[in-house]
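For reference, my_file-v1.txt is printed below; it contains compact mmCIF, C-alpha atoms.
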```txt
# COMPACT_ATOMS: atom_id res chain seq x y z
CA MET N 23 79.14 -1.78 52.61
CA GLN N 24 78.24 -5.31 53.63
CA ASN N 25 75.43 -5.47 51.05
CA MET N 26 77.47 -4.41 47.99
CA GLY N 27 77.43 -7.93 46.52
CA ASP N 28 73.83 -8.71 47.46
CA PRO N 29 71.95 -9.87 44.33
CA GLU N 30 68.80 -7.99 45.37
CA VAL N 31 70.18 -4.60 46.47
CA GLY N 32 73.92 -4.67 45.68
CA ILE N 33 75.77 -2.65 43.07
CA ALA N 34 75.02 -5.16 40.27
CA SER N 35 71.26 -5.08 40.88
CA PRO N 36 68.87 -2.75 39.02
CA LYS N 37 67.32 -2.20 42.50
CA SER N 38 70.69 -1.15 43.96
CA ILE N 39 70.62 0.83 47.19
CA TYR N 40 74.02 2.27 46.24
CA ASN N 41 72.66 5.24 44.32
CA ASN N 42 71.87 8.81 45.28
CA PHE N 43 73.90 8.86 48.45
CA THR N 44 76.23 11.09 50.34
CA THR N 45 78.54 9.71 52.97
CA VAL N 46 79.94 11.82 55.76
CA GLU N 47 83.05 10.73 57.60
CA LYS N 48 84.39 12.48 60.65
CA ASN N 49 87.68 14.19 60.01
CA ASN N 50 89.82 13.90 63.13
CA ASN N 51 91.36 17.16 64.32
CA THR N 52 88.68 19.14 62.55
CA ILE N 53 86.70 20.88 65.25
CA ALA N 54 88.40 24.14 66.14
CA GLU N 55 86.55 26.07 68.80
CA THR N 56 87.25 29.54 70.12
CA GLU N 57 85.05 31.94 72.03
CA GLN N 58 84.01 33.47 68.71
CA GLU N 59 83.48 30.51 66.41
CA VAL N 60 83.27 26.77 65.88
CA LYS N 61 84.75 25.32 62.71
CA ILE N 62 83.67 21.83 61.69
CA SER N 63 85.00 19.79 58.79
CA ALA N 64 84.38 16.30 57.48
CA PHE N 65 85.08 14.08 54.49
CA LEU N 66 82.10 13.96 52.15
CA ASN N 67 81.66 11.46 49.35
CA PHE N 68 78.90 11.84 46.76
CA SER N 69 77.55 9.27 44.33
CA ASP N 70 77.19 11.89 41.62
CA LYS N 71 78.16 15.43 40.64
CA LYS N 72 74.65 16.87 41.05
CA GLN N 73 74.60 15.83 44.70
CA ARG N 74 78.03 17.32 45.26
CA ASP N 75 77.07 20.60 43.62
CA SER N 76 73.85 20.90 45.62
CA ALA N 77 75.28 19.91 49.02
CA ILE N 78 76.50 23.32 50.21
CA PRO N 79 73.43 25.27 49.04
CA LYS N 80 71.21 22.73 50.84
CA LEU N 81 73.35 22.91 53.98
CA LYS N 82 73.24 26.71 53.98
CA THR N 83 69.46 26.67 53.54
CA GLN N 84 69.01 24.31 56.47
CA ILE N 85 71.31 26.30 58.75
CA LYS N 86 69.57 29.56 57.84
CA LYS N 87 66.28 27.95 58.98
CA SER N 88 67.80 26.87 62.30
CA THR N 89 68.33 28.60 65.61
CA TYR N 90 71.96 29.11 64.56
CA ALA N 91 71.11 31.27 61.54
CA ASP N 92 72.35 34.49 63.14
CA LYS N 93 75.67 32.84 64.09
CA PHE N 94 76.34 31.13 60.76
CA ILE N 95 79.29 32.52 58.79
CA ASP N 96 79.81 30.22 55.79
CA ALA N 97 80.08 26.68 54.43
CA GLU N 98 82.23 25.50 51.56
CA LEU N 99 83.66 22.43 49.89
CA VAL N 100 87.44 22.42 49.67
CA ASN N 101 89.74 19.95 47.94
CA VAL N 102 86.94 18.84 45.65
CA PHE N 103 87.70 15.77 43.58
CA PRO N 104 85.69 14.90 40.49
CA THR N 105 83.05 12.19 40.59
CA LEU N 106 83.28 9.23 38.23
CA ASP N 107 80.97 9.83 35.29
CA ASN N 108 80.88 7.04 32.73
CA ASN N 109 79.89 7.71 29.14
CA ALA N 110 76.55 5.84 28.80
CA GLU N 111 77.03 4.97 25.11
CA LEU N 112 80.49 3.52 25.75
CA VAL N 113 79.21 1.55 28.74
CA ASP N 114 76.46 -0.05 26.64
CA ALA N 115 78.81 -0.78 23.72
CA SER N 116 81.52 -2.22 26.00
CA LEU N 117 79.13 -4.46 27.91
CA GLU N 118 77.52 -5.73 24.72
CA LEU N 119 80.87 -6.46 23.12
CA LEU N 120 82.38 -8.20 26.17
CA SER N 121 79.21 -10.18 26.88
CA GLY N 122 79.21 -11.38 23.27
CA ILE N 123 82.80 -12.61 23.55
CA TYR N 124 82.96 -13.93 27.11
CA GLY N 125 79.30 -14.57 27.99
CA LYS N 126 76.75 -12.60 29.97
CA ASP N 127 77.71 -14.40 33.19
CA ARG N 128 81.27 -12.98 33.02
CA VAL N 129 80.36 -9.31 32.53
CA LEU N 130 78.04 -7.50 34.93
CA ARG N 131 76.49 -4.06 34.62
CA MET N 132 76.90 -2.08 37.81
CA TYR N 133 73.74 -0.14 38.61
CA GLY N 134 75.06 1.26 41.84
CA VAL N 135 78.08 3.30 42.73
CA VAL N 136 80.94 1.87 44.77
CA ALA N 137 80.58 3.57 48.13
CA ASP N 138 84.22 3.69 49.08
CA GLY N 139 86.89 6.33 49.22
CA ARG N 140 86.97 9.97 48.27
CA SER N 141 87.24 9.62 44.51
CA ASP N 142 89.33 7.91 41.89
CA ASP N 143 92.08 9.48 39.80
CA PHE N 144 90.34 8.14 36.69
CA ALA N 145 87.61 10.77 37.24
CA PHE N 146 90.11 13.50 36.33
CA PHE N 147 90.36 12.07 32.79
CA GLN N 148 86.65 11.57 32.16
CA PRO N 149 85.71 15.21 31.47
CA GLU N 150 88.38 15.27 28.75
CA VAL N 151 88.01 11.81 27.23
CA PRO N 152 84.68 9.92 27.10
CA SER N 153 85.39 6.72 28.98
CA VAL N 154 84.20 3.82 31.10
CA TYR N 155 85.41 2.96 34.58
CA PHE N 156 85.54 -0.81 35.10
CA PHE N 157 85.24 -2.48 38.46
CA MET N 158 87.19 -5.72 38.42
CA GLY N 159 87.40 -7.95 41.44
CA GLY N 160 90.63 -9.51 42.59
CA SER N 161 89.41 -11.78 45.38
CA ASN N 162 89.34 -15.56 45.27
CA TYR N 163 87.22 -16.87 48.13
CA GLU N 164 88.26 -20.48 47.50
CA LYS N 165 91.93 -19.54 48.03
CA GLY N 166 91.13 -17.28 50.98
CA ILE N 167 92.26 -14.17 49.13
CA ILE N 168 89.79 -11.57 50.32
CA ALA N 169 90.65 -7.96 51.02
CA GLN N 170 89.31 -4.49 50.47
CA THR N 171 91.45 -2.26 48.27
CA HIS N 172 93.50 0.41 50.03
CA SER N 173 93.54 -1.67 53.19
CA PRO N 174 96.62 -2.80 55.13
CA ASN N 175 95.91 -6.45 54.32
CA PHE N 176 95.27 -5.93 50.59
CA ALA N 177 95.78 -9.08 48.55
CA VAL N 178 94.87 -10.01 45.01
CA ASP N 179 94.53 -13.30 43.20
CA GLU N 180 96.99 -12.66 40.39
CA SER N 181 95.03 -14.85 37.97
CA CYS N 182 92.61 -11.92 37.66
CA ILE N 183 95.36 -9.98 35.90
CA LYS N 184 95.10 -12.38 32.95
CA THR N 185 91.33 -11.88 32.90
CA GLY N 186 91.76 -8.11 32.89
CA VAL N 187 94.32 -8.19 30.10
CA ASN N 188 92.02 -10.41 28.01
CA LEU N 189 88.99 -8.17 28.55
CA PHE N 190 90.76 -4.91 27.81
CA SER N 191 92.67 -6.37 24.84
CA SER N 192 89.36 -7.52 23.41
CA LEU N 193 87.94 -4.03 23.72
CA ILE N 194 90.96 -2.55 21.96
CA VAL N 195 90.97 -5.12 19.14
CA GLU N 196 87.23 -4.79 18.51
CA ARG N 197 87.35 -1.02 18.68
CA LEU N 198 90.13 -0.93 16.07
CA LYS N 199 88.16 -3.09 13.61
```

Reformat the file's structure so that it appears as structure tokens.
Amino acid sequence: MQNMGDPEVGIASPKSIYNNFTTVEKNNNTIAETEQEVKISAFLNFSDKKQRDSAIPKLKTQIKKSTYADKFIDAELVNVFPTLDNNAELVDASLELLSGIYGKDRVLRMYGVVADGRSDDFAFFQPEVPSVYFFMGGSNYEKGIIAQTHSPNFAVDESCIKTGVNLFSSLIVERLK
């Protein structure tokens, strides 16, 4: 996570390391052991749908090759949330339009995937409506306003709200032309 803004390997770099990943986070209270079985669970986060869909088959294949093959019962994903999946044509059109209005230095293409959290509610809409998920920062380092979203010390420089309204209003106005 500390390299997300790195110009060489961060999410805005064509050489981003934030692609093709799966994160595994220990789920407290998840190991239930009896004399007959051990049940293990964890939070998994995937950078794309293909990885998510192939995770359990790959896990089953690996376990079946292991010394535990004869003890293995099953593996499954539960509470599956959709993965963000931007419409490529809309991304290109939006970036071109916004860069033309506000300048290329104000609008960045994200080549990587934000490696945080389980999913985003926006992903539930994307299969139904072709769309683009925007990542807009709210920190202001000069003012000391720096915080990760969904953290207890979350803070936002409210001047970014004006920027967001301008950007999205521009997209709406241009799209309606």

Residue contacts of Pro104 of chain N (10 Å, only C-alpha atoms) excluding same-chain residues fewer than 4 positions away, as a ChimeraX atom specification: /N:68,70-71,74,140-149

Contact residues around Gly134 of chain N with all atoms listed in the file at 6 Å, ignoring same-chain residues under 4 positions, as a list in words: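 Counting only the stated atoms, we get Ile33, Ser38, Tyr40 and Asn41 of chain N.
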
Computed interatomic separation between atom CA of Leu117 of chain N and atom CA of Tyr163 of chain N (Å):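 Answer for the atom CA of Leu117 of chain N to atom CA of Tyr163 of chain N separation: 25.1 Å.
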
Counting all atoms listed in the file, which residues of segment 55-153 of chain N fall within 9 Å of segment 183-199 of chain N, and what is the closest atom pair for each with its distance in Å at one decimal, ordered by chain and rising number, as a tab-separated table?
```
residue	atom	partner	partner_atom	distance
N:Ser116	CA	N:Leu193	CA	7.0
N:Leu119	CA	N:Leu193	CA	7.5
N:Leu120	CA	N:Leu189	CA	7.0
N:Ile123	CA	N:Ser192	CA	8.3
N:Tyr124	CA	N:Leu189	CA	8.5
```

Could you give me the axis-aligned bounding box of segment 161-177 of chain N, with 4 Å of padding per side, as centre plus edge lengths in Å to one decimal, as AutoDock Vina command-line options?
```
--center_x 91.9 --center_y -10.0 --center_z 50.2 --size_x 17.4 --size_y 28.9 --size_z 17.9
```

Polymer residues at most 9 Å from Gln73 of chain N, all atoms listed in the file, same-chain spacing of 6 or more positions, as a ChimeraX atom specification: /N:42-44

Atom CA of Ile39 of chain N to atom CA of Arg128 of chain N, straight-line distance in Å: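 Straight-line distance from atom CA of Arg128 of chain N to atom CA of Ile39 of chain N works out to 22.5 Å.
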
Å distance separating atom CA of Gln170 of chain N from atom CA of Leu112 of chain N, one decimal place: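 That distance, rounded to one decimal, is 27.4 Å.
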
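In terms of minimum interatomic distance to Leu81 of chain N, N:Glu98 ranks closest within N:Glu47, N:Glu98, N:Asp107, N:Asp28, counting all atoms listed in the file.
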
Minimum-distance residue to Ala64 of chain N, chosen among N:Leu99, N:Ile85, N:Met158, N:Ala77 (using only C-alpha atoms): N:Leu99

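Distances to Asp127 of chain N were evaluated for N:Ile78, N:Asn101, N:Asn162, N:Ala34 using only C-alpha atoms, and the minimum falls at N:Ala34.
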
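Counting only C-alpha atoms, the residue from N:Thr45, N:Ser35, N:Thr171, N:Glu59 that sits nearest to Tyr90 of chain N is N:Glu59.
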
Pull out segment 134-163 of chain N, keep N, CA, C and O atoms, and write it as a CSV table (one decimal), in the first residue's frame.
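Final output, part-v7.csv:
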```csv
chain,number,residue,atom,x,y,z
N,134,GLY,N,-3.5,0.7,-12.4
N,134,GLY,CA,-3.6,-0.3,-11.4
N,134,GLY,C,-4.9,-0.3,-10.7
N,134,GLY,O,-5.8,0.5,-11.0
N,135,VAL,N,-5.1,-1.2,-9.8
N,135,VAL,CA,-6.4,-1.3,-9.1
N,135,VAL,C,-6.1,-1.0,-7.6
N,135,VAL,O,-5.1,-1.4,-7.0
N,136,VAL,N,-7.0,-0.2,-7.0
N,136,VAL,CA,-6.8,0.2,-5.6
N,136,VAL,C,-6.9,-1.0,-4.8
N,136,VAL,O,-7.9,-1.7,-4.8
N,137,ALA,N,-5.9,-1.3,-4.0
N,137,ALA,CA,-5.8,-2.6,-3.3
N,137,ALA,C,-6.3,-2.3,-1.8
N,137,ALA,O,-5.6,-2.5,-0.9
N,138,ASP,N,-7.6,-2.0,-1.7
N,138,ASP,CA,-8.1,-1.7,-0.4
N,138,ASP,C,-9.5,-2.1,-0.3
N,138,ASP,O,-10.3,-1.9,-1.2
N,139,GLY,N,-9.9,-2.8,0.8
N,139,GLY,CA,-11.2,-3.1,1.0
N,139,GLY,C,-11.7,-4.4,0.3
N,139,GLY,O,-11.0,-5.0,-0.3
N,140,ARG,N,-13.0,-4.7,0.5
N,140,ARG,CA,-13.5,-5.9,0.0
N,140,ARG,C,-14.1,-5.7,-1.4
N,140,ARG,O,-14.2,-6.5,-2.2
N,141,SER,N,-14.7,-4.5,-1.6
N,141,SER,CA,-15.3,-4.2,-2.9
N,141,SER,C,-15.9,-2.8,-2.7
N,141,SER,O,-15.7,-2.1,-1.7
N,142,ASP,N,-16.6,-2.3,-3.7
N,142,ASP,CA,-17.3,-1.0,-3.6
N,142,ASP,C,-18.7,-1.2,-4.1
N,142,ASP,O,-18.9,-1.9,-5.1
N,143,ASP,N,-19.6,-0.6,-3.5
N,143,ASP,CA,-21.0,-0.7,-3.9
N,143,ASP,C,-21.3,-0.3,-5.3
N,143,ASP,O,-22.2,-0.9,-6.0
N,144,PHE,N,-20.4,0.5,-5.9
N,144,PHE,CA,-20.6,0.9,-7.3
N,144,PHE,C,-20.5,-0.3,-8.2
N,144,PHE,O,-21.1,-0.3,-9.3
N,145,ALA,N,-19.8,-1.3,-7.8
N,145,ALA,CA,-19.6,-2.5,-8.6
N,145,ALA,C,-20.9,-3.2,-8.9
N,145,ALA,O,-21.1,-4.0,-9.8
N,146,PHE,N,-21.9,-3.0,-8.0
N,146,PHE,CA,-23.2,-3.7,-8.2
N,146,PHE,C,-24.0,-3.0,-9.4
N,146,PHE,O,-24.8,-3.7,-10.0
N,147,PHE,N,-23.7,-1.8,-9.7
N,147,PHE,CA,-24.4,-1.1,-10.8
N,147,PHE,C,-23.7,-1.4,-12.1
N,147,PHE,O,-24.4,-1.4,-13.1
N,148,GLN,N,-22.4,-1.6,-12.1
N,148,GLN,CA,-21.7,-1.8,-13.4
N,148,GLN,C,-22.2,-2.9,-14.3
N,148,GLN,O,-22.1,-2.7,-15.5
N,149,PRO,N,-22.6,-4.0,-13.9
N,149,PRO,CA,-23.1,-5.0,-14.8
N,149,PRO,C,-24.4,-4.5,-15.5
N,149,PRO,O,-24.7,-5.0,-16.6
N,150,GLU,N,-25.1,-3.6,-14.9
N,150,GLU,CA,-26.4,-3.2,-15.5
N,150,GLU,C,-26.2,-1.9,-16.3
N,150,GLU,O,-26.9,-1.7,-17.3
N,151,VAL,N,-25.3,-1.0,-15.9
N,151,VAL,CA,-25.1,0.2,-16.6
N,151,VAL,C,-23.6,0.4,-16.9
N,151,VAL,O,-22.8,0.5,-16.0
N,152,PRO,N,-23.2,0.5,-18.2
N,152,PRO,CA,-21.8,0.7,-18.5
N,152,PRO,C,-21.4,2.0,-17.8
N,152,PRO,O,-22.1,3.1,-17.9
N,153,SER,N,-20.3,2.0,-17.1
N,153,SER,CA,-19.9,3.1,-16.3
N,153,SER,C,-18.4,3.2,-16.0
N,153,SER,O,-17.6,2.3,-16.4
N,154,VAL,N,-18.0,4.2,-15.3
N,154,VAL,CA,-16.6,4.5,-15.0
N,154,VAL,C,-16.5,4.8,-13.5
N,154,VAL,O,-17.3,5.7,-13.0
N,155,TYR,N,-15.7,4.1,-12.8
N,155,TYR,CA,-15.4,4.4,-11.4
N,155,TYR,C,-14.3,5.4,-11.3
N,155,TYR,O,-13.2,5.1,-11.9
N,156,PHE,N,-14.5,6.5,-10.7
N,156,PHE,CA,-13.4,7.6,-10.6
N,156,PHE,C,-12.8,7.5,-9.2
N,156,PHE,O,-13.5,7.3,-8.2
N,157,PHE,N,-11.5,7.7,-9.1
N,157,PHE,CA,-10.8,7.7,-7.8
N,157,PHE,C,-10.4,9.2,-7.7
N,157,PHE,O,-9.5,9.7,-8.4
N,158,MET,N,-11.0,9.8,-6.7
N,158,MET,CA,-10.7,11.2,-6.5
N,158,MET,C,-10.1,11.4,-5.1
N,158,MET,O,-10.7,11.1,-4.1
N,159,GLY,N,-8.9,12.0,-5.0
N,159,GLY,CA,-8.3,12.2,-3.7
N,159,GLY,C,-8.9,13.3,-2.9
N,159,GLY,O,-9.6,14.2,-3.5
N,160,GLY,N,-8.8,13.2,-1.6
N,160,GLY,CA,-9.4,14.3,-0.8
N,160,GLY,C,-8.3,14.8,0.2
N,160,GLY,O,-8.7,15.6,1.1
N,161,SER,N,-7.1,14.4,0.1
N,161,SER,CA,-6.0,14.8,1.0
N,161,SER,C,-5.5,16.2,0.5
N,161,SER,O,-5.5,16.5,-0.6
N,162,ASN,N,-4.9,16.9,1.5
N,162,ASN,CA,-4.2,18.1,1.2
N,162,ASN,C,-3.0,18.1,2.1
N,162,ASN,O,-3.1,18.4,3.3
N,163,TYR,N,-1.8,17.7,1.6
N,163,TYR,CA,-0.6,17.5,2.4
N,163,TYR,C,-0.2,18.8,3.0
N,163,TYR,O,0.3,18.8,4.2
```
